[in-house]
Amino acid sequence: MKAEVQSPTRVRSRLDLGGGTSHLFLIIFLVYFLIPLVWLVLASTKTNAGLFSSFVFWFDKEFNFFTNLKDLFARDNGAFSLWIKNTAIYAVGASVGSAIISALAGYAFAEYRFAGRGLLFGIVLASVFVPATVFAVPLFFLASQTGLTNSLWAVILPAFANPFGVYLMRIYTEQAVPQDLVDAARVDGAGELRIFATIVSRLIAPGFVTVLLFAFVGAWNNYFLPLLVLAKSELYPLTVGLAYWNSLSILPGESQVLYSLVITGSVVAIVPVMIVFLFLQRYWQGGLTLGSVRG
């Protein structure tokens, strides 16, 4: 029985159809993810009244963005600027510490053989599937017992434990660091810390930046834990501060309606994250792809 031979034209048409379908789905998902961002940008140009009187996906008659921006930074004696500073401190401290610890732990899991290695890594994998909010209340009690509430460390220290970062760094290290290179450095008399600092750290830099980016975004958007452990408004991050302003608009009998300021503040809050991604995207893409391809 002879196998049916398809003509090049038919094969090409099927490939074109498959590619067109893929592009259609990509466009649909792109539009789906861009809709909230477009709405947010358009809403930041409106007044409180314009938010409810004009079409949601178009500008209002009065372009109020710069007025909203001015009122945003002037509100409560410049509280928004302070919240940006706090968020930057939280995000940078948490992401750098998390990335360093994840890199060290991932390298240890990839390089060394020790008792309980499989069990410990299994616990790390199990922790990846546990929502961060589950740990928020226990972390609050732990912080209150150690006197860390209402301090920067109450938000920064818990972020150092990053199970997904440890998992990613182990997989990446196994693919990016040749064992022969590490063995040669040991033969030359280099210590383990020196090997990691001078050789391994350069090879795993893309993976390190990937973990850094994920940790930075997670810390920048962290809301529940800061809400529990921080009671002073001068220590609030952007998420808690904007939620506080939003609550003023919905309290019974409250005359202050700050929807336009909250929306404008949300637009400003995403700008630093976008800048970080634009500057580090090539490392981020390399970290995602190289660790998944076995050399």
# chains A, B, ... in the order shown; residues from 1 in each chain; ligands from 1
call {"tool": "residues_around", "arguments": {"residues": "range 43-58 of chain A", "least_positions_apart": "2", "cutoff": "9 Å", "atoms": "only C-alpha atoms", "output": "ChimeraX atom specification"}}
result
/A:35,38-41,60-69,257-267
call {"tool": "residues_around", "arguments": {"residues": "Ile204 in chain A", "least_positions_apart": "4", "cutoff": "8 Å", "atoms": "only C-alpha atoms", "output": "PyMOL selection string"}}
result
chain A and resi 169+172-173+176-177+200+208
call {"tool": "closest_atom_pairs", "arguments": {"of": "range 179-278 of chain A", "to": "range 84-99 of chain A", "cutoff": "6 Å", "atoms": "only C-alpha atoms", "output": "Markdown table"}}
result
| residue | atom | partner | partner_atom | distance |
| --- | --- | --- | --- | --- |
| A:Val211 | CA | A:Ala99 | CA | 5.7 |
| A:Leu212 | CA | A:Ala99 | CA | 5.2 |
| A:Ala215 | CA | A:Ser95 | CA | 4.7 |
| A:Phe216 | CA | A:Ser95 | CA | 4.8 |
| A:Ala219 | CA | A:Ala91 | CA | 4.8 |
| A:Trp220 | CA | A:Ala91 | CA | 5.2 |
| A:Pro237 | CA | A:Thr87 | CA | 4.7 |
call {"tool": "write_last_selection", "arguments": {"atoms": "N, CA and C atoms", "output": "PDB file, in the first residue's frame"}}
result
ATOM      1  N   VAL A 211      15.205  35.789  38.317  1.00  0.00           N
ATOM      2  CA  VAL A 211      14.679  35.700  39.680  1.00  0.00           C
ATOM      3  C   VAL A 211      14.544  37.088  40.293  1.00  0.00           C
ATOM      4  N   LEU A 212      15.519  37.950  40.007  1.00  0.00           N
ATOM      5  CA  LEU A 212      15.478  39.320  40.516  1.00  0.00           C
ATOM      6  C   LEU A 212      14.228  40.052  40.015  1.00  0.00           C
ATOM      7  N   ALA A 215      11.047  38.617  41.674  1.00  0.00           N
ATOM      8  CA  ALA A 215      10.985  39.040  43.070  1.00  0.00           C
ATOM      9  C   ALA A 215      10.675  40.525  43.184  1.00  0.00           C
ATOM     10  N   PHE A 216      11.233  41.322  42.263  1.00  0.00           N
ATOM     11  CA  PHE A 216      10.979  42.764  42.285  1.00  0.00           C
ATOM     12  C   PHE A 216       9.494  43.059  42.046  1.00  0.00           C
ATOM     13  N   ALA A 219       7.442  41.959  45.102  1.00  0.00           N
ATOM     14  CA  ALA A 219       7.586  42.878  46.230  1.00  0.00           C
ATOM     15  C   ALA A 219       6.924  44.221  45.942  1.00  0.00           C
ATOM     16  N   TRP A 220       7.005  44.683  44.703  1.00  0.00           N
ATOM     17  CA  TRP A 220       6.394  45.967  44.343  1.00  0.00           C
ATOM     18  C   TRP A 220       4.872  45.907  44.480  1.00  0.00           C
ATOM     19  N   PRO A 237       3.582  51.065  51.663  1.00  0.00           N
ATOM     20  CA  PRO A 237       3.962  51.021  50.247  1.00  0.00           C
ATOM     21  C   PRO A 237       2.823  51.575  49.401  1.00  0.00           C
TER      22      PRO A 237
END
call {"tool": "closest_residue", "arguments": {"among": "A:Ala243, A:Leu225, A:Leu238, A:Ala154", "to": "Val137 in chain A", "atoms": "only C-alpha atoms"}}
result
A:Leu225
call {"tool": "residues_around", "arguments": {"residues": "Ser201 in chain A", "least_positions_apart": "3", "cutoff": "10 Å", "atoms": "only C-alpha atoms", "output": "MDAnalysis selection string"}}
result
chainID A and resid 100 103:104 107 173 177 194:198 204:208
call {"tool": "atom_distance", "arguments": {"atom1": "CA of Phe129 in chain A", "atom2": "CA of Gly218 in chain A"}}
result
15.3 Å
call {"tool": "closest_residue", "arguments": {"among": "A:Phe140, A:Tyr32, A:Phe121, A:Phe114", "to": "Pro226 in chain A", "atoms": "only C-alpha atoms"}}
result
A:Phe140
call {"tool": "closest_residue", "arguments": {"among": "A:Tyr167, A:Phe59, A:Trp83, A:Phe141", "to": "Phe109 in chain A", "atoms": "only C-alpha atoms"}}
result
A:Tyr167
call {"tool": "select_by_dssp", "arguments": {"residues": "range 73-256 of chain A", "states": "alpha helix (DSSP H)", "output": "PyMOL selection string"}}
result
chain A and resi 73-74+79-111+117-128+136-146+153-159+163-176+179-187+192-195+201-203+205-220+224-229+238-250
call {"tool": "atom_distance", "arguments": {"atom1": "CA of Val130 in chain A", "atom2": "CA of Ile101 in chain A"}}
result
19.4 Å
call {"tool": "atom_distance", "arguments": {"atom1": "CA of Ile123 in chain A", "atom2": "CA of Asp180 in chain A"}}
result
29.4 Å
